[in-house]
>>> print(open('target-v7.cif').read())   # mmCIF, C-alpha atoms
data_entry
#
loop_
_atom_site.label_atom_id
_atom_site.label_comp_id
_atom_site.auth_asym_id
_atom_site.auth_seq_id
_atom_site.Cartn_x
_atom_site.Cartn_y
_atom_site.Cartn_z
CA MET A 1 -41.10 28.04 -17.77
CA SER A 2 -41.38 31.81 -18.41
CA THR A 3 -45.08 31.84 -17.44
CA LEU A 4 -46.30 30.15 -14.29
CA PRO A 5 -44.88 26.62 -14.23
CA THR A 6 -47.10 23.59 -13.72
CA CYS A 7 -46.70 21.31 -10.70
CA ARG A 8 -44.93 18.83 -12.96
CA GLU A 9 -42.40 21.51 -13.93
CA VAL A 10 -41.90 22.49 -10.29
CA TYR A 11 -41.12 18.87 -9.42
CA GLU A 12 -38.88 18.56 -12.46
CA PHE A 13 -36.76 21.64 -11.72
CA LEU A 14 -36.85 21.28 -7.97
CA ASP A 15 -33.26 20.05 -7.69
CA GLU A 16 -32.00 23.11 -9.54
CA PHE A 17 -34.18 25.36 -7.41
CA HIS A 18 -32.87 23.63 -4.29
CA ALA A 19 -29.28 24.13 -5.47
CA GLY A 20 -29.90 27.79 -6.39
CA GLU A 21 -29.09 27.03 -10.03
CA LEU A 22 -32.27 28.39 -11.62
CA ASP A 23 -31.94 31.73 -13.41
CA PRO A 24 -33.68 34.70 -11.73
CA MET A 25 -36.67 34.66 -14.08
CA ARG A 26 -37.36 30.97 -13.48
CA THR A 27 -36.75 31.34 -9.76
CA SER A 28 -39.31 34.09 -9.61
CA ALA A 29 -41.88 32.04 -11.60
CA PHE A 30 -41.12 29.05 -9.37
CA GLU A 31 -41.71 31.12 -6.23
CA ARG A 32 -44.96 32.53 -7.62
CA HIS A 33 -46.21 28.99 -8.21
CA LEU A 34 -45.23 28.03 -4.66
CA SER A 35 -47.08 31.01 -3.21
CA LEU A 36 -50.26 29.75 -4.90
CA CYS A 37 -49.89 25.96 -4.51
CA PRO A 38 -49.90 24.42 -1.00
CA SER A 39 -49.22 20.95 -2.41
CA CYS A 40 -46.01 22.07 -4.13
CA ARG A 41 -44.99 24.04 -1.05
CA ALA A 42 -45.35 20.88 1.01
CA TYR A 43 -43.45 18.89 -1.61
CA VAL A 44 -40.57 21.36 -1.86
CA ASP A 45 -40.25 21.51 1.93
CA SER A 46 -40.29 17.73 2.30
CA TYR A 47 -37.72 17.37 -0.52
CA ARG A 48 -35.40 19.82 1.28
CA ARG A 49 -35.90 17.95 4.55
CA THR A 50 -35.23 14.63 2.86
CA VAL A 51 -31.78 15.89 1.86
CA GLU A 52 -31.15 17.12 5.43
CA LEU A 53 -32.25 13.78 6.86
CA GLU A 54 -29.92 11.89 4.51
CA LYS A 55 -26.97 13.92 5.72
CA ASP A 56 -27.96 13.46 9.35
CA ALA A 57 -28.48 9.72 8.94
CA PHE A 58 -24.83 9.29 7.97
CA ALA A 59 -23.28 11.94 10.19
CA GLU A 60 -20.80 10.09 12.33
CA PRO A 61 -17.45 10.92 13.84
CA ASP A 62 -14.45 9.36 12.16
CA LEU A 63 -13.07 6.36 13.96
CA ALA A 64 -10.45 7.64 16.35
CA ASP A 65 -8.32 4.57 15.79
CA PRO A 66 -8.39 2.33 12.76
CA PRO A 67 -8.85 -1.41 13.41
CA ASP A 68 -5.39 -2.78 14.20
CA GLU A 69 -5.94 -6.01 12.32
CA LEU A 70 -6.79 -4.10 9.14
CA VAL A 71 -3.72 -1.85 9.46
CA ASP A 72 -1.53 -4.91 10.09
CA ALA A 73 -3.02 -6.74 7.09
CA ILE A 74 -2.41 -3.79 4.76
CA LEU A 75 1.17 -3.32 5.95
CA ALA A 76 1.81 -7.07 5.68
CA ILE A 77 0.63 -7.07 2.07
CA ARG A 78 3.01 -4.24 1.29
CA ARG A 79 5.94 -6.04 2.86
CA THR A 80 5.29 -9.35 1.17
CA ALA A 81 3.77 -8.61 -2.24
CA PRO A 82 6.53 -9.00 -4.81
CA ASP A 83 5.32 -6.24 -7.12
CA LEU A 84 5.02 -3.53 -4.48
CA PRO A 85 7.76 -1.01 -3.64
CA GLU A 86 10.05 -2.57 -1.04
CA THR A 87 11.17 -1.20 2.28
CA MET B 1 -16.04 15.82 -0.08
CA PRO B 2 -15.60 17.69 3.20
CA TYR B 3 -12.76 15.76 4.74
CA PRO B 4 -10.40 15.45 1.80
CA ARG B 5 -10.72 19.18 1.13
CA ALA B 6 -8.99 19.76 4.45
CA TYR B 7 -5.92 18.41 2.74
CA LEU B 8 -6.07 20.87 -0.08
CA PHE B 9 -5.10 24.07 1.68
CA PRO B 10 -3.62 23.17 5.02
CA PHE B 11 -1.03 25.94 4.83
CA ARG B 12 -1.33 29.64 4.21
CA PRO B 13 0.13 30.45 0.81
CA GLY B 14 3.31 32.49 1.17
CA ALA B 15 3.84 31.53 4.78
CA SER B 16 7.32 30.40 3.89
CA GLY B 17 9.63 31.20 1.00
CA PRO B 18 11.21 34.34 -0.34
CA PRO B 19 10.64 36.78 2.57
CA ALA B 20 12.17 34.39 5.07
CA ARG B 21 15.10 33.79 2.79
CA ARG B 22 15.66 37.52 2.33
CA ARG B 23 15.73 38.06 6.06
CA ALA B 24 18.12 35.23 6.57
CA ARG B 25 20.59 36.79 4.13
CA HIS B 26 20.95 39.90 6.31
CA LEU B 27 21.47 38.04 9.53
CA PRO B 28 24.83 36.80 10.67
CA ARG B 29 25.11 33.15 9.87
CA ARG B 30 24.63 31.06 12.97
CA ALA B 31 24.65 27.36 13.30
CA HIS B 32 20.98 27.04 14.27
CA LEU B 33 19.62 29.13 11.37
CA PRO B 34 18.48 27.32 8.26
CA VAL B 35 21.02 27.80 5.52
CA GLN B 36 19.11 25.94 2.82
CA PRO B 37 16.29 27.88 1.14
CA ALA B 38 12.78 26.52 1.82
CA PRO B 39 13.60 22.90 2.52
CA PRO B 40 10.98 20.47 1.25
CA ALA B 41 10.56 19.17 4.80
CA ALA B 42 8.60 22.39 5.53
CA ASP B 43 5.68 20.67 3.82
CA PRO B 44 4.62 17.62 5.85
CA GLN B 45 3.24 15.97 2.72
CA ALA B 46 6.52 16.35 0.84
CA GLU B 47 8.37 14.97 3.82
CA LEU B 48 5.99 12.02 4.15
CA LEU B 49 6.14 11.36 0.42
CA ALA B 50 9.93 11.34 0.44
CA ARG B 51 9.92 8.88 3.32
CA LEU B 52 7.36 6.65 1.59
CA ARG B 53 9.39 6.64 -1.59
CA ALA B 54 12.46 5.75 0.40
CA GLY B 55 10.53 2.74 1.74
CA ASP B 56 10.34 3.97 5.33
CA GLU B 57 8.18 1.40 7.15
CA ALA B 58 7.14 3.88 9.86
CA ALA B 59 5.94 6.31 7.19
CA TYR B 60 3.78 3.61 5.63
CA GLU B 61 2.29 2.77 9.00
CA ARG B 62 1.56 6.43 9.66
CA LEU B 63 -0.14 6.81 6.29
CA VAL B 64 -2.27 3.71 6.78
CA ARG B 65 -3.23 4.64 10.36
CA GLU B 66 -4.12 8.21 9.47
CA GLN B 67 -6.12 7.51 6.34
CA THR B 68 -7.88 4.23 7.14
CA PRO B 69 -10.72 5.76 9.22
CA ILE B 70 -11.69 8.18 6.45
CA LEU B 71 -11.46 5.56 3.72
CA LEU B 72 -13.41 3.03 5.77
CA ARG B 73 -16.18 5.55 6.29
CA VAL B 74 -16.74 6.22 2.58
CA ALA B 75 -16.36 2.52 1.70
CA ARG B 76 -18.97 1.59 4.32
CA ARG B 77 -21.36 4.19 3.02
CA LEU B 78 -21.04 2.89 -0.52
CA LEU B 79 -21.00 -0.82 0.24
CA HIS B 80 -23.11 -0.97 3.42
CA SER B 81 -21.07 -3.91 4.59
CA ASP B 82 -18.24 -3.72 7.11
CA ASP B 83 -16.42 -6.70 5.67
CA GLU B 84 -16.57 -5.48 2.10
CA ALA B 85 -15.58 -1.99 3.20
CA ARG B 86 -12.44 -3.38 4.82
CA ASP B 87 -11.63 -5.33 1.67
CA ALA B 88 -12.14 -2.21 -0.43
CA VAL B 89 -9.82 -0.18 1.80
CA GLN B 90 -7.23 -2.91 1.51
CA ASP B 91 -7.63 -2.88 -2.30
CA ALA B 92 -7.25 0.89 -2.24
CA PHE B 93 -4.00 0.85 -0.29
CA VAL B 94 -2.52 -1.85 -2.51
CA ALA B 95 -3.44 0.23 -5.57
CA ALA B 96 -1.98 3.32 -3.90
CA PHE B 97 1.30 1.62 -2.98
CA ARG B 98 1.59 0.48 -6.56
CA GLY B 99 0.81 3.96 -7.88
CA LEU B 100 2.98 5.85 -5.42
CA PRO B 101 6.04 6.04 -7.71
CA ASN B 102 3.87 7.85 -10.26
CA PHE B 103 2.07 10.13 -7.78
CA ARG B 104 3.08 13.63 -8.82
CA GLY B 105 1.71 15.54 -5.88
CA GLU B 106 -0.81 17.53 -7.91
CA SER B 107 -3.45 16.78 -5.30
CA ARG B 108 -2.99 16.13 -1.60
CA LEU B 109 -2.06 12.60 -0.70
CA GLY B 110 -5.31 12.22 1.29
CA THR B 111 -7.45 13.38 -1.64
CA TRP B 112 -5.65 11.01 -3.98
CA LEU B 113 -6.15 8.08 -1.61
CA TYR B 114 -9.80 9.01 -1.09
CA ARG B 115 -10.42 8.85 -4.85
CA ILE B 116 -8.72 5.48 -5.06
CA ALA B 117 -10.87 4.17 -2.21
CA VAL B 118 -14.08 5.42 -3.85
CA ASN B 119 -13.04 3.63 -7.05
CA ALA B 120 -12.17 0.46 -5.14
CA ALA B 121 -15.58 0.46 -3.42
CA LEU B 122 -17.38 1.15 -6.70
CA ALA B 123 -15.49 -1.71 -8.37
CA ARG B 124 -16.75 -4.04 -5.65
CA LEU B 125 -20.29 -2.75 -6.09
CA ARG B 126 -20.14 -3.41 -9.83
CA ALA B 127 -18.87 -6.91 -9.23
CA ARG B 128 -21.91 -7.84 -7.14
CA ALA B 129 -23.97 -10.24 -9.15
CA GLY B 130 -27.56 -9.35 -9.92
CA ALA B 131 -27.24 -5.89 -8.44
CA ASP B 132 -29.63 -3.14 -9.36
CA GLU B 133 -32.64 -5.06 -10.52
CA VAL B 134 -35.00 -2.83 -8.57
CA SER B 135 -36.76 0.05 -10.28
CA LEU B 136 -37.63 3.22 -8.46
CA ASP B 137 -40.31 4.30 -10.91
CA GLU B 138 -43.08 3.34 -8.51
CA TRP B 139 -41.71 5.85 -5.97
CA LEU B 140 -41.59 8.79 -8.39
CA PRO B 141 -44.36 11.40 -8.40
CA ARG B 142 -47.15 11.04 -10.95
CA PHE B 143 -49.09 13.78 -12.68
CA VAL B 144 -52.45 14.22 -14.36
CA GLU B 145 -52.75 15.54 -17.89
CA ASP B 146 -52.81 19.23 -17.01
CA GLY B 147 -49.57 18.93 -15.02
CA HIS B 148 -51.02 18.81 -11.50
CA ALA B 149 -49.68 16.22 -9.08
CA ALA B 150 -51.85 13.09 -9.13
CA GLU B 151 -51.49 12.82 -5.36
CA PRO B 152 -51.14 16.26 -3.76
CA ALA B 153 -48.37 16.43 -1.16
CA ALA B 154 -49.25 17.01 2.48
CA PRO B 155 -46.89 18.92 4.77
CA TRP B 156 -44.51 17.13 7.11
CA PRO B 157 -44.91 18.31 10.71
CA ALA B 158 -42.06 20.61 11.73
CA ASP B 159 -41.25 18.37 14.68
CA ALA B 160 -40.60 14.89 13.40
CA GLY B 161 -41.65 13.44 16.73
CA PRO B 162 -39.56 10.31 17.00
CA GLU B 163 -36.08 10.32 18.42
CA ARG B 164 -33.23 11.27 16.13
CA ARG B 165 -31.79 7.77 16.42
CA GLU B 166 -35.05 6.29 15.16
CA VAL B 167 -35.28 8.75 12.27
CA ARG B 168 -31.69 8.06 11.25
CA GLU B 169 -32.32 4.33 11.23
CA ARG B 170 -35.49 4.76 9.18
CA VAL B 171 -33.71 6.98 6.66
CA ARG B 172 -30.82 4.53 6.28
CA GLN B 173 -33.27 1.69 5.68
CA ALA B 174 -35.07 3.75 3.04
CA ILE B 175 -31.78 4.63 1.30
CA ASP B 176 -30.89 0.94 1.23
CA ARG B 177 -34.09 0.23 -0.71
CA LEU B 178 -32.99 2.44 -3.62
CA PRO B 179 -31.50 0.79 -6.72
CA GLU B 180 -27.72 0.68 -6.43
CA THR B 181 -27.13 3.04 -9.37
CA HIS B 182 -29.19 5.71 -7.64
CA ARG B 183 -28.08 4.96 -4.11
CA THR B 184 -24.45 5.40 -5.14
CA VAL B 185 -25.10 8.82 -6.63
CA LEU B 186 -27.01 9.87 -3.53
CA VAL B 187 -24.15 8.79 -1.25
CA LEU B 188 -21.45 10.47 -3.34
CA ARG B 189 -23.32 13.74 -3.90
CA ASP B 190 -25.40 14.32 -0.77
CA ILE B 191 -23.47 12.47 1.89
CA GLU B 192 -19.87 12.55 0.69
CA GLU B 193 -20.56 15.95 -0.90
CA LEU B 194 -18.60 15.36 -4.08
CA THR B 195 -19.38 17.85 -6.84
CA THR B 196 -21.47 16.71 -9.80
CA ASP B 197 -18.32 16.52 -11.93
CA GLU B 198 -16.37 14.56 -9.30
CA ALA B 199 -19.20 12.06 -8.92
CA ALA B 200 -19.53 11.76 -12.71
CA GLU B 201 -15.83 11.05 -13.04
CA ALA B 202 -15.86 8.44 -10.28
CA LEU B 203 -18.88 6.66 -11.76
CA GLY B 204 -17.87 6.98 -15.41
CA ILE B 205 -21.16 8.66 -16.37
CA THR B 206 -22.02 12.16 -17.60
CA PRO B 207 -22.67 15.04 -15.19
CA GLY B 208 -26.18 15.21 -16.67
CA ALA B 209 -26.80 11.58 -15.70
CA VAL B 210 -25.56 12.30 -12.17
CA LYS B 211 -28.04 15.16 -11.83
CA VAL B 212 -30.96 13.11 -13.14
CA ARG B 213 -30.17 10.13 -10.88
CA LEU B 214 -29.68 12.33 -7.83
CA HIS B 215 -33.01 14.07 -8.31
CA ARG B 216 -34.85 10.80 -8.90
CA ALA B 217 -33.15 9.20 -5.88
CA ARG B 218 -34.16 12.10 -3.62
CA GLN B 219 -37.73 12.01 -4.93
CA ALA B 220 -37.97 8.26 -4.36
CA LEU B 221 -36.51 8.61 -0.89
CA ARG B 222 -38.97 11.36 -0.10
CA THR B 223 -41.83 9.09 -1.17
CA LEU B 224 -40.51 6.26 1.00
CA LEU B 225 -40.27 8.54 4.05
CA ASP B 226 -43.50 10.43 3.42
CA PRO B 227 -46.09 8.30 5.26
CA TRP B 228 -43.80 7.85 8.22
CA MET B 229 -42.84 11.52 8.43
CA ARG B 230 -46.52 12.47 8.33
CA GLY B 231 -47.17 10.39 11.39
CA GLU B 232 -48.01 6.93 10.11
CA ARG B 233 -45.49 5.27 12.37
CA ALA B 234 -46.68 1.70 11.92
#
>>> encode(input="target-v7.cif", output="structure tokens")
Amino acid sequence: MSTLPTCREVYEFLDEFHAGELDPMRTSAFERHLSLCPSCRAYVDSYRRTVELEKDAFAEPDLADPPDELVDAILAIRRTAPDLPET
Amino acid sequence: MPYPRAYLFPFRPGASGPPARRRARHLPRRAHLPVQPAPPAADPQAELLARLRAGDEAAYERLVREQTPILLRVARRLLHSDDEARDAVQDAFVAAFRGLPNFRGESRLGTWLYRIAVNAALARLRARAGADEVSLDEWLPRFVEDGHAAEPAAPWPADAGPERREVRERVRQAIDRLPETHRTVLVLRDIEELTTDEAAEALGITPGAVKVRLHRARQALRTLLDPWMRGERA
């Protein structure tokens, strides 16, 4: 990818570009392609936003309190299972 | 892995130890001063571990109460089922109780439990019959012979329009359509923020395979969201 990459190559190396893992020469070629190709610019932007949307879709506060019945069940298993360390 | 990392460096290195002991030597000995050098109880994990190993019931309850919310969250994300997530967390604690005598404290207790829970959830995923029969090939970009995209991409409007709640729901539904092998990588890498190596170890695949699956999963997800994000809200 030392000369201008094709769209296929942009798509292929996009994850490394996104993660900042491309070497400077490839990054520069990648950016030159993007400056000339509106379709790839749109694709790269939507790829980046896809990753942001994933993170946002699952962003949730931790449960303040765990479900009591689950805690009780886990502790009961520990107390009663013969092969677990005893109290 | 944002939450477990909080366990890794909870204390400033050097905050206790030799300097404190040196000072103590020059002070007159008084009953309320510590006379033992750097007692293990200074580290809450060491204290908790000692109590667990001694079979202290209250310590077990504390561990289970503190860790369950975090473990449930990752198990839910991997299994997308509340019931199975609870079962996986239960499996994880049983495995942890069994492994506690051999836990050498090289990682934080929370990190260790987190890894066990990820493995317990993955084991349940693998046990699901007929899983992963979907292919995501149809959602990957296609190219013409000269390397141009067969279907040029159109920009997504900067303002997504719909409410955040609606977008989140749509994204979750799209993620659930991915084949399990790819969905799992996406959850571990992008949402749980494990490193490539950590995800590879948990899944028993190479780091290269993790990278390929992650990229393909993101591309497929992008394709699934594309019409909707461009305004086709039907």
>>> residues_near_point(input="target-v7.cif", point="(3.3, 13.6, 3.7)", cutoff="10 Å", atoms="all atoms listed in the file", output="PyMOL selection string")
chain B and resi 41+43-52+59+62-63+105+108-110
>>> write_last_selection(input="target-v7.cif", atoms="C-alpha atoms", output="PDB file, in the coordinates of the input")
ATOM      1  CA  ALA B  41      10.560  19.170   4.800  1.00  0.00           C
ATOM      2  CA  ASP B  43       5.680  20.670   3.820  1.00  0.00           C
ATOM      3  CA  PRO B  44       4.620  17.620   5.850  1.00  0.00           C
ATOM      4  CA  GLN B  45       3.240  15.970   2.720  1.00  0.00           C
ATOM      5  CA  ALA B  46       6.520  16.350   0.840  1.00  0.00           C
ATOM      6  CA  GLU B  47       8.370  14.970   3.820  1.00  0.00           C
ATOM      7  CA  LEU B  48       5.990  12.020   4.150  1.00  0.00           C
ATOM      8  CA  LEU B  49       6.140  11.360   0.420  1.00  0.00           C
ATOM      9  CA  ALA B  50       9.930  11.340   0.440  1.00  0.00           C
ATOM     10  CA  ARG B  51       9.920   8.880   3.320  1.00  0.00           C
ATOM     11  CA  LEU B  52       7.360   6.650   1.590  1.00  0.00           C
ATOM     12  CA  ALA B  59       5.940   6.310   7.190  1.00  0.00           C
ATOM     13  CA  ARG B  62       1.560   6.430   9.660  1.00  0.00           C
ATOM     14  CA  LEU B  63      -0.140   6.810   6.290  1.00  0.00           C
ATOM     15  CA  GLY B 105       1.710  15.540  -5.880  1.00  0.00           C
ATOM     16  CA  ARG B 108      -2.990  16.130  -1.600  1.00  0.00           C
ATOM     17  CA  LEU B 109      -2.060  12.600  -0.700  1.00  0.00           C
ATOM     18  CA  GLY B 110      -5.310  12.220   1.290  1.00  0.00           C
TER      19      GLY B 110
END
>>> atom_distance(input="target-v7.cif", atom1="atom CA of Cys37 of chain A", atom2="atom CA of Pro141 of chain B")
16.1 Å
>>> closest_residue(input="target-v7.cif", among="B:Glu169, B:Glu84, B:Glu106, B:Glu201", to="chain A", atoms="all atoms listed in the file")
B:Glu169
>>> closest_residue(input="target-v7.cif", among="B:Arg126, B:Arg76, B:Arg104, B:Arg98", to="chain A", atoms="all atoms listed in the file")
B:Arg98
>>> interface_residues(input="target-v7.cif", of="chain A", to="chain B", cutoff="10 Å", atoms="all atoms listed in the file", output="PyMOL selection string")
chain A and resi 5-16+37-68+70-75+77-79+81+83-87
>>> atom_distance(input="target-v7.cif", atom1="atom CA of Leu79 of chain B", atom2="atom CA of Thr181 of chain B")
12.0 Å
>>> atom_distance(input="target-v7.cif", atom1="atom CA of Trp139 of chain B", atom2="atom CA of Leu188 of chain B")
20.9 Å
